[in-house]
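**Student:** So that you have it, the file is target-v2.cif, and it contains mmCIF, C-alpha atoms and all ligand atoms:
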```
data_my_file
#
loop_
_atom_site.label_atom_id
_atom_site.label_comp_id
_atom_site.auth_asym_id
_atom_site.auth_seq_id
_atom_site.Cartn_x
_atom_site.Cartn_y
_atom_site.Cartn_z
CA MET A 1327 5.63 -3.92 12.90
CA ALA A 1328 3.73 -2.65 15.92
CA ASP A 1329 2.64 0.60 14.34
CA PRO A 1330 2.66 0.58 10.54
CA ALA A 1331 2.34 4.25 9.64
CA LEU A 1332 0.67 5.39 6.47
CA SER A 1333 3.37 7.23 4.53
CA ILE A 1334 1.88 9.93 2.29
CA LEU A 1335 3.77 11.97 -0.28
CA HIS A 1336 2.28 15.48 -0.27
CA ILE A 1337 2.83 17.37 -3.52
CA THR A 1338 1.24 20.67 -4.41
CA ASP A 1339 1.09 23.47 -6.97
CA THR A 1340 2.52 21.44 -9.84
CA HIS A 1341 1.30 24.09 -12.37
CA LEU A 1342 1.48 21.78 -15.38
CA PHE A 1343 0.75 22.82 -18.97
CA ALA A 1344 -0.58 20.84 -21.90
CA ALA A 1345 2.78 21.39 -23.63
CA ALA A 1346 5.69 19.47 -22.06
CA ASP A 1347 8.26 22.22 -22.65
CA GLU A 1348 6.28 25.13 -21.18
CA ARG A 1349 7.96 27.11 -18.39
CA LEU A 1350 6.56 29.15 -15.51
CA ARG A 1351 8.89 31.73 -13.92
CA GLY A 1352 11.77 30.00 -15.68
CA VAL A 1353 10.92 26.50 -14.42
CA ASN A 1354 9.85 23.62 -16.66
CA THR A 1355 7.02 22.47 -14.40
CA CYS A 1356 6.69 19.04 -16.00
CA ARG A 1357 10.38 18.24 -15.61
CA SER A 1358 10.31 19.61 -12.10
CA LEU A 1359 7.40 17.37 -11.03
CA ARG A 1360 9.09 14.38 -12.63
CA ALA A 1361 12.26 15.11 -10.60
CA VAL A 1362 10.23 15.42 -7.38
CA LEU A 1363 8.51 12.08 -8.00
CA LYS A 1364 11.84 10.42 -8.76
CA SER A 1365 13.35 11.82 -5.56
CA ALA A 1366 10.40 10.69 -3.44
CA SER A 1367 10.07 7.25 -4.96
CA THR A 1368 13.77 6.51 -4.43
CA ALA A 1369 13.76 7.82 -0.82
CA ALA A 1370 14.21 5.55 2.18
CA ARG A 1371 10.51 5.57 3.07
CA PRO A 1372 7.65 4.06 1.13
CA VAL A 1373 5.06 6.06 -0.80
CA ASP A 1374 1.76 4.50 0.26
CA ALA A 1375 -0.33 7.27 -1.32
CA VAL A 1376 -0.02 10.74 -2.83
CA LEU A 1377 -1.93 13.82 -1.70
CA ALA A 1378 -2.05 16.64 -4.30
CA THR A 1379 -3.52 19.90 -3.03
CA GLY A 1380 -4.37 21.89 -6.13
CA ASP A 1381 -3.02 24.16 -8.82
CA LEU A 1382 -2.26 20.91 -10.61
CA SER A 1383 -2.46 22.85 -13.88
CA GLN A 1384 -1.43 26.35 -14.90
CA ASP A 1385 -3.40 26.52 -18.16
CA GLU A 1386 -6.58 24.72 -16.98
CA SER A 1387 -6.30 22.35 -19.95
CA ALA A 1388 -7.36 18.71 -20.12
CA GLY A 1389 -3.86 18.11 -21.53
CA ALA A 1390 -2.28 19.33 -18.28
CA TYR A 1391 -4.43 16.91 -16.26
CA ARG A 1392 -3.61 14.08 -18.66
CA ARG A 1393 0.08 14.90 -18.09
CA PHE A 1394 -0.48 14.79 -14.31
CA ARG A 1395 -2.18 11.42 -14.74
CA GLU A 1396 0.68 10.05 -16.86
CA LEU A 1397 3.32 11.24 -14.37
CA LEU A 1398 1.53 9.88 -11.27
CA ALA A 1399 0.03 6.61 -12.53
CA PRO A 1400 3.37 4.70 -12.62
CA LEU A 1401 3.67 5.05 -8.84
CA ALA A 1402 0.75 2.59 -8.64
CA VAL A 1403 -0.59 4.05 -5.39
CA PRO A 1404 -3.78 6.01 -4.62
CA VAL A 1405 -3.58 9.70 -5.60
CA TRP A 1406 -5.94 11.95 -3.64
CA CYS A 1407 -6.55 15.28 -5.37
CA LEU A 1408 -8.40 18.55 -4.96
CA PRO A 1409 -8.48 21.72 -7.07
CA GLY A 1410 -6.78 25.11 -6.63
CA ASN A 1411 -7.36 28.58 -8.05
CA HIS A 1412 -5.42 27.83 -11.23
CA ASP A 1413 -7.48 24.71 -11.93
CA ALA A 1414 -10.69 24.11 -13.86
CA PRO A 1415 -12.35 21.92 -11.20
CA GLU A 1416 -14.76 20.09 -13.53
CA ARG A 1417 -12.06 19.36 -16.13
CA LEU A 1418 -9.72 18.18 -13.38
CA ALA A 1419 -12.39 15.85 -11.96
CA ALA A 1420 -13.32 14.52 -15.41
CA THR A 1421 -9.71 13.84 -16.47
CA LEU A 1422 -8.69 12.29 -13.16
CA ALA A 1423 -11.84 10.18 -12.78
CA GLY A 1424 -11.36 6.65 -11.47
CA PRO A 1425 -8.60 4.77 -9.62
CA PRO A 1426 -5.86 5.35 -8.68
CA PHE A 1427 -7.19 8.93 -8.57
CA GLN A 1428 -9.80 10.32 -6.21
CA VAL A 1429 -10.89 13.95 -6.41
CA GLY A 1430 -12.50 15.35 -3.25
CA GLY A 1431 -14.52 13.42 -0.70
CA ALA A 1432 -13.44 11.24 2.20
CA VAL A 1433 -10.64 8.68 2.31
CA VAL A 1434 -10.57 6.05 5.06
CA ARG A 1435 -7.25 4.31 5.77
CA GLY A 1436 -6.34 2.49 8.98
CA GLY A 1437 -7.34 4.64 11.93
CA TRP A 1438 -7.40 7.81 9.81
CA THR A 1439 -9.91 9.69 7.69
CA LEU A 1440 -8.75 12.29 5.17
CA LEU A 1441 -11.30 14.90 4.09
CA LEU A 1442 -10.55 16.57 0.75
CA LEU A 1443 -12.17 20.00 0.35
CA ASP A 1444 -12.76 22.27 -2.66
CA SER A 1445 -12.04 25.92 -1.76
CA VAL A 1446 -12.03 27.29 -5.33
CA MET A 1447 -13.99 30.46 -6.16
CA ALA A 1448 -14.42 31.00 -9.89
CA GLY A 1449 -12.51 34.07 -11.09
CA ASP A 1450 -10.70 34.67 -7.81
CA HIS A 1451 -7.24 33.66 -6.60
CA GLY A 1452 -8.41 33.67 -2.99
CA GLY A 1453 -10.61 30.84 -1.75
CA ARG A 1454 -13.89 30.19 0.00
CA LEU A 1455 -15.58 27.06 1.30
CA SER A 1456 -19.19 27.01 0.12
CA ALA A 1457 -22.02 26.40 2.60
CA ALA A 1458 -22.38 22.94 1.01
CA GLN A 1459 -18.68 22.14 1.63
CA LEU A 1460 -18.88 23.37 5.24
CA ASP A 1461 -22.05 21.32 5.84
CA TRP A 1462 -20.43 18.25 4.28
CA LEU A 1463 -17.33 18.76 6.46
CA ALA A 1464 -19.37 19.14 9.65
CA ALA A 1465 -21.32 15.96 8.85
CA ALA A 1466 -18.13 14.04 7.98
CA LEU A 1467 -16.44 15.13 11.21
CA GLU A 1468 -19.49 13.90 13.12
CA GLU A 1469 -19.52 10.59 11.24
CA HIS A 1470 -15.76 10.02 11.70
CA ARG A 1471 -15.68 11.01 15.35
CA GLN A 1472 -13.87 7.85 16.47
CA ARG A 1473 -11.06 8.22 13.91
CA HIS A 1474 -8.07 10.54 13.53
CA VAL A 1475 -8.80 13.18 10.90
CA LEU A 1476 -6.69 15.15 8.43
CA ILE A 1477 -8.32 17.91 6.36
CA ALA A 1478 -6.76 18.96 3.04
CA LEU A 1479 -7.63 22.02 0.94
CA HIS A 1480 -5.82 24.32 -1.46
CA HIS A 1481 -5.94 27.70 0.30
CA HIS A 1482 -4.09 28.37 3.54
CA VAL A 1483 -6.27 28.93 6.58
CA LEU A 1484 -4.03 30.78 9.05
CA PRO A 1485 -2.10 33.94 8.08
CA LEU A 1486 1.59 33.53 7.27
CA GLN A 1487 2.74 37.14 7.80
CA SER A 1488 2.85 37.70 4.06
CA ARG A 1489 0.39 40.49 3.26
CA TRP A 1490 -0.19 39.84 -0.43
CA LEU A 1491 -0.64 36.09 0.10
CA ASP A 1492 -2.75 36.45 3.23
CA GLU A 1493 -5.12 38.68 1.26
CA LEU A 1494 -5.57 35.71 -1.11
CA GLY A 1495 -6.06 33.01 1.53
CA LEU A 1496 -9.29 31.35 2.63
CA TYR A 1497 -11.72 34.28 2.89
CA ASN A 1498 -14.04 32.46 5.26
CA ALA A 1499 -11.34 30.86 7.43
CA ALA A 1500 -13.32 31.91 10.54
CA GLU A 1501 -16.25 29.72 9.42
CA LEU A 1502 -13.94 26.75 8.91
CA LEU A 1503 -12.30 27.26 12.30
CA GLN A 1504 -15.74 27.33 13.94
CA VAL A 1505 -16.55 23.91 12.44
CA ILE A 1506 -13.21 22.30 13.25
CA ASP A 1507 -13.06 23.65 16.79
CA ARG A 1508 -15.88 21.18 17.54
CA ALA A 1509 -13.76 18.22 16.31
CA PRO A 1510 -11.31 16.97 18.95
CA GLN A 1511 -10.25 14.10 16.66
CA LEU A 1512 -8.83 16.54 14.07
CA ARG A 1513 -5.04 16.25 13.89
CA ALA A 1514 -3.99 18.36 10.91
CA VAL A 1515 -5.07 20.80 8.20
CA VAL A 1516 -2.86 20.56 5.11
CA ALA A 1517 -2.78 23.18 2.33
CA GLY A 1518 -0.87 24.29 -0.75
CA HIS A 1519 -1.21 27.63 -2.58
CA VAL A 1520 1.54 29.51 -0.67
CA HIS A 1521 4.58 27.86 -2.32
CA GLN A 1522 6.40 27.67 1.03
CA ALA A 1523 6.62 25.44 4.09
CA SER A 1524 4.86 26.38 7.31
CA ASP A 1525 3.89 24.49 10.44
CA ILE A 1526 1.62 26.20 12.99
CA LEU A 1527 0.10 24.52 16.04
CA ARG A 1528 -3.39 25.86 16.93
CA ASN A 1529 -5.52 24.21 19.64
CA GLY A 1530 -3.57 20.97 19.23
CA VAL A 1531 -4.07 20.89 15.42
CA ARG A 1532 -1.10 21.13 13.01
CA PHE A 1533 -1.69 23.61 10.17
CA LEU A 1534 0.81 22.70 7.47
CA THR A 1535 1.69 24.18 4.09
CA THR A 1536 4.12 22.66 1.64
CA PRO A 1537 6.57 23.97 -0.99
CA SER A 1538 5.53 23.77 -4.62
CA THR A 1539 7.01 21.13 -6.91
CA CYS A 1540 8.17 23.97 -9.20
CA PHE A 1541 9.10 27.36 -7.65
CA GLN A 1542 8.65 29.07 -4.26
CA PHE A 1543 7.39 32.42 -2.92
CA LEU A 1544 9.56 34.41 -0.55
CA PRO A 1545 8.08 34.03 2.97
CA GLN A 1546 7.03 36.93 5.21
CA VAL A 1547 7.09 39.77 2.70
CA ALA A 1548 4.44 42.40 2.00
CA SER A 1549 4.36 42.00 -1.76
CA PHE A 1550 4.95 39.22 -4.25
CA ALA A 1551 8.52 37.96 -4.62
CA VAL A 1552 9.93 34.66 -5.87
CA ASP A 1553 12.20 32.72 -3.53
CA ARG A 1554 15.33 31.02 -4.83
CA ARG A 1555 14.58 27.81 -3.01
CA PRO A 1556 14.37 24.68 -5.16
CA PRO A 1557 11.34 22.42 -5.79
CA GLY A 1558 10.04 20.62 -2.72
CA TYR A 1559 7.47 18.30 -1.21
CA ARG A 1560 6.40 16.95 2.18
CA TRP A 1561 6.18 13.56 3.86
CA LEU A 1562 3.17 12.92 6.09
CA GLU A 1563 3.39 9.84 8.29
CA LEU A 1564 0.08 9.01 9.90
CA HIS A 1565 0.41 6.59 12.81
CA ALA A 1566 -2.41 4.36 13.97
CA ASP A 1567 -2.36 5.99 17.41
CA GLY A 1568 -3.03 9.45 15.92
CA ARG A 1569 0.55 10.71 15.88
CA LEU A 1570 1.55 12.69 12.84
CA GLU A 1571 5.19 12.90 11.79
CA THR A 1572 6.08 15.21 8.95
CA GLU A 1573 9.13 16.45 7.11
CA VAL A 1574 9.74 18.75 4.14
CA ALA A 1575 12.17 17.64 1.44
CA TRP A 1576 13.87 19.78 -1.23
CA ILE A 1577 15.43 18.55 -4.45
CA GLU A 1578 18.20 19.71 -6.75
CA PRO A 1579 16.44 21.76 -9.43
CA PRO A 1580 16.53 19.87 -12.76
CA GLN A 1581 18.39 21.65 -15.57
FE FE A 1601 -2.98 28.65 -5.59
#
```
Turn this file's structure into structure tokens for me.
**Tutor:**
Amino acid sequence: MADPALSILHITDTHLFAAADERLRGVNTCRSLRAVLKSASTAARPVDAVLATGDLSQDESAGAYRRFRELLAPLAVPVWCLPGNHDAPERLAATLAGPPFQVGGAVVRGGWTLLLLDSVMAGDHGGRLSAAQLDWLAAALEEHRQRHVLIALHHHVLPLQSRWLDELGLYNAAELLQVIDRAPQLRAVVAGHVHQASDILRNGVRFLTTPSTCFQFLPQVASFAVDRRPPGYRWLELHADGRLETEVAWIEPPQ
């Protein structure tokens, strides 16, 4: 193989509960995640690693994170995680401590570096990158200048023409854009939170969001509405030469 790509399964907004039979907006989130993982692990391409971009729990319980751990561990691949607004970041980090899980920080694989950010603001559904996170990011981008870089965070950075959601995006997106505009090696910024797929090219960088593994929000509406689309996920193929190939997949909703 001339160019063995790193094939990453991107899952997001799993909204798990401590109780296995709990539902959110009519969806059993545990069953739904299990169905997504089954679909992805029986697909034609390999799962070399999993990227999970927050709202892993709905009830912020250690039990929800233990459930996440139990569902993901059998894949026997690295699982790179970060928290969302429905998470308890410290509980998440404590429950998912140690391999195959990594919460936050930098991941180096082949010619790529993935930088996992925490955009959670306590008591707020919108997000903000702290000065410490922005400083860490700037230093990491400097250190990994010779590599291809993907940034992951929970909150979406660019508006998606959905007023209610855009009001709950990354409040200091302008500060993030200022930092990343100085990083020509940055290839993509990947987020969750919006329960819908989007793909926007800005200054040569792909800004991607991914459907939730449970239920979706209706795109491009002024106020909150649930979409009838099924659970979904995204493939990210990172090539050694810096190319990024990506595709969204949808599954049959489990009964
Ligand atoms: Fe969220």
**Student:** Please, which residues have at least one atom within 12 Å of an atom of ligand FE 1601 (chain A), using all atoms listed in the file, listed as a PyMOL selection string?
**Tutor:** chain A and resi 1338-1341+1379-1384+1408-1413+1445-1447+1450-1453+1479-1482+1491-1492+1494-1496+1517-1522+1535-1538+1542-1543
**Student:** Using all atoms listed in the file, give me every residue within 10 Å of (7.0, 34.8, 8.6) in file coordinates, as a list in words.
**Tutor:**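 In the file's frame, the residues around the point are Pro1485, Leu1486, Gln1487, Ser1488, Ser1524, Leu1544, Pro1545, Gln1546 and Val1547 of chain A.
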**Student:** As an exercise, work out the distance from CA of Pro1415 in chain A to CA of Ala1432 in chain A in Å and give it to one decimal place.
**Tutor:**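 Distance reported for this atom pair: 17.2 Å.
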**Student:** Quick one: residues within 8 Å of Ile1477 in chain A, all atoms listed in the file counted, chain neighbours fewer than 4 positions away excluded, as a ChimeraX atom specification?
**Tutor:** /A:1440-1443,1512,1514-1516
**Student:** CA of Asn1354 in chain A to CA of Pro1579 in chain A: how many Å, to one decimal?
**Tutor:**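 Separating CA of Asn1354 in chain A from CA of Pro1579 in chain A is a distance of 10.0 Å.
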**Student:** Between A:Ala1390, A:Ile1526, A:Leu1463, A:Ala1499, which one has atoms that come closest to Leu1342 in chain A, using all atoms listed in the file?
**Tutor:**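 Checking each of A:Ala1390, A:Ile1526, A:Leu1463, A:Ala1499 against Leu1342 in chain A, counting all atoms listed in the file, the winner is A:Ala1390.
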**Student:** Considering all atoms listed in the file, can you say which of A:Glu1396, A:Glu1493, A:Glu1386, A:Asp1347 comes closest to Pro1426 in chain A?
**Tutor:** A:Glu1396
**Student:** Given 8 Å on each side, where is the centre and what are the edge lengths in Å to one decimal of the axis-aligned box enclosing the listed atoms of range 1496-1511 of chain A, as lines of an AutoDock Vina configuration file?
**Tutor:**
```
center_x = -12.9
center_y = 24.2
center_z = 10.8
size_x = 23.3
size_y = 36.2
size_z = 32.3
```
**Student:** Just to confirm, what's the straight-line distance from CA of Phe1541 in chain A to CA of Asn1498 in chain A in Å (one decimal)?
**Tutor:**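 Those two atoms sit 27.0 Å apart.
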**Student:** Neighbours of Ser1367 in chain A within 12 Å (all atoms listed in the file; same-chain residues fewer than 6 positions away dropped), as an MDAnalysis selection string?
**Tutor:** chainID A and resid 1333:1335 1360:1361 1373:1376 1398 1400:1403 1559 1561
**Student:** Which is closest to Trp1462 in chain A among A:Gly1352, A:Gly1437, A:Gly1431, A:Gly1449, if we use all atoms listed in the file?
**Tutor:** A:Gly1431
**Student:** With all atoms listed in the file as the basis for distance, which of A:Val1362, A:Ala1466, A:Val1552, A:Leu1570 is at the shortest distance from Val1505 in chain A?
**Tutor:**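 When distances to Val1505 in chain A are compared using all atoms listed in the file, the smallest one comes from A:Ala1466.
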**Student:** Taking into account all atoms listed in the file, which residue in the set A:Val1434, A:Ala1420, A:Leu1397, A:Ala1388 is nearest to His1474 in chain A?
**Tutor:** A:Val1434
**Student:** Residues near Asn1529 in chain A, anyone? I mean within 12 Å using all atoms listed in the file, not counting same-chain ones fewer than 5 positions away, as a PyMOL selection string.
**Tutor:** chain A and resi 1503+1506-1515
**Student:** Closest to Thr1572 in chain A among A:Ala1345, A:Leu1359, A:Leu1534, A:Val1483, using only C-alpha atoms?
**Tutor:**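 Among A:Ala1345, A:Leu1359, A:Leu1534, A:Val1483, it is A:Leu1534 that comes nearest to Thr1572 in chain A.
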**Student:** Emit a file covering range 1423-1458 of chain A of the preceding structure with C-alpha atoms, as a short mmCIF file (atom, residue, chain, number, x, y, z; two decimals), in the first residue's frame.
**Tutor:**
```
data_model
loop_
_atom_site.label_atom_id
_atom_site.label_comp_id
_atom_site.auth_asym_id
_atom_site.auth_seq_id
_atom_site.Cartn_x
_atom_site.Cartn_y
_atom_site.Cartn_z
CA ALA A 1423 -8.95 7.23 32.11
CA GLY A 1424 -6.35 5.00 30.48
CA PRO A 1425 -6.06 3.09 27.18
CA PRO A 1426 -7.77 2.59 24.83
CA PHE A 1427 -9.31 5.94 25.86
CA GLN A 1428 -7.66 9.35 25.69
CA VAL A 1429 -9.50 12.47 26.83
CA GLY A 1430 -8.17 15.75 25.42
CA GLY A 1431 -4.59 16.51 24.46
CA ALA A 1432 -2.63 15.70 21.32
CA VAL A 1433 -2.61 12.47 19.32
CA VAL A 1434 0.23 11.77 16.87
CA ARG A 1435 -0.39 9.17 14.15
CA GLY A 1436 1.56 8.85 10.90
CA GLY A 1437 1.93 12.29 9.36
CA TRP A 1438 -1.01 13.67 11.35
CA THR A 1439 -1.57 15.33 14.71
CA LEU A 1440 -5.05 15.51 16.22
CA LEU A 1441 -5.65 18.20 18.84
CA LEU A 1442 -8.58 17.52 21.18
CA LEU A 1443 -10.04 20.67 22.77
CA ASP A 1444 -12.41 21.24 25.71
CA SER A 1445 -14.95 23.99 24.87
CA VAL A 1446 -17.31 23.34 27.81
CA MET A 1447 -18.56 26.28 29.93
CA ALA A 1448 -20.15 25.16 33.19
CA GLY A 1449 -23.88 25.93 33.24
CA ASP A 1450 -24.09 26.98 29.60
CA HIS A 1451 -25.08 25.08 26.47
CA GLY A 1452 -22.90 27.33 24.32
CA GLY A 1453 -19.13 26.91 24.43
CA ARG A 1454 -15.95 28.86 24.97
CA LEU A 1455 -12.27 27.99 24.69
CA SER A 1456 -10.47 29.20 27.80
CA ALA A 1457 -7.31 31.30 27.51
CA ALA A 1458 -5.39 28.20 28.69
#
```
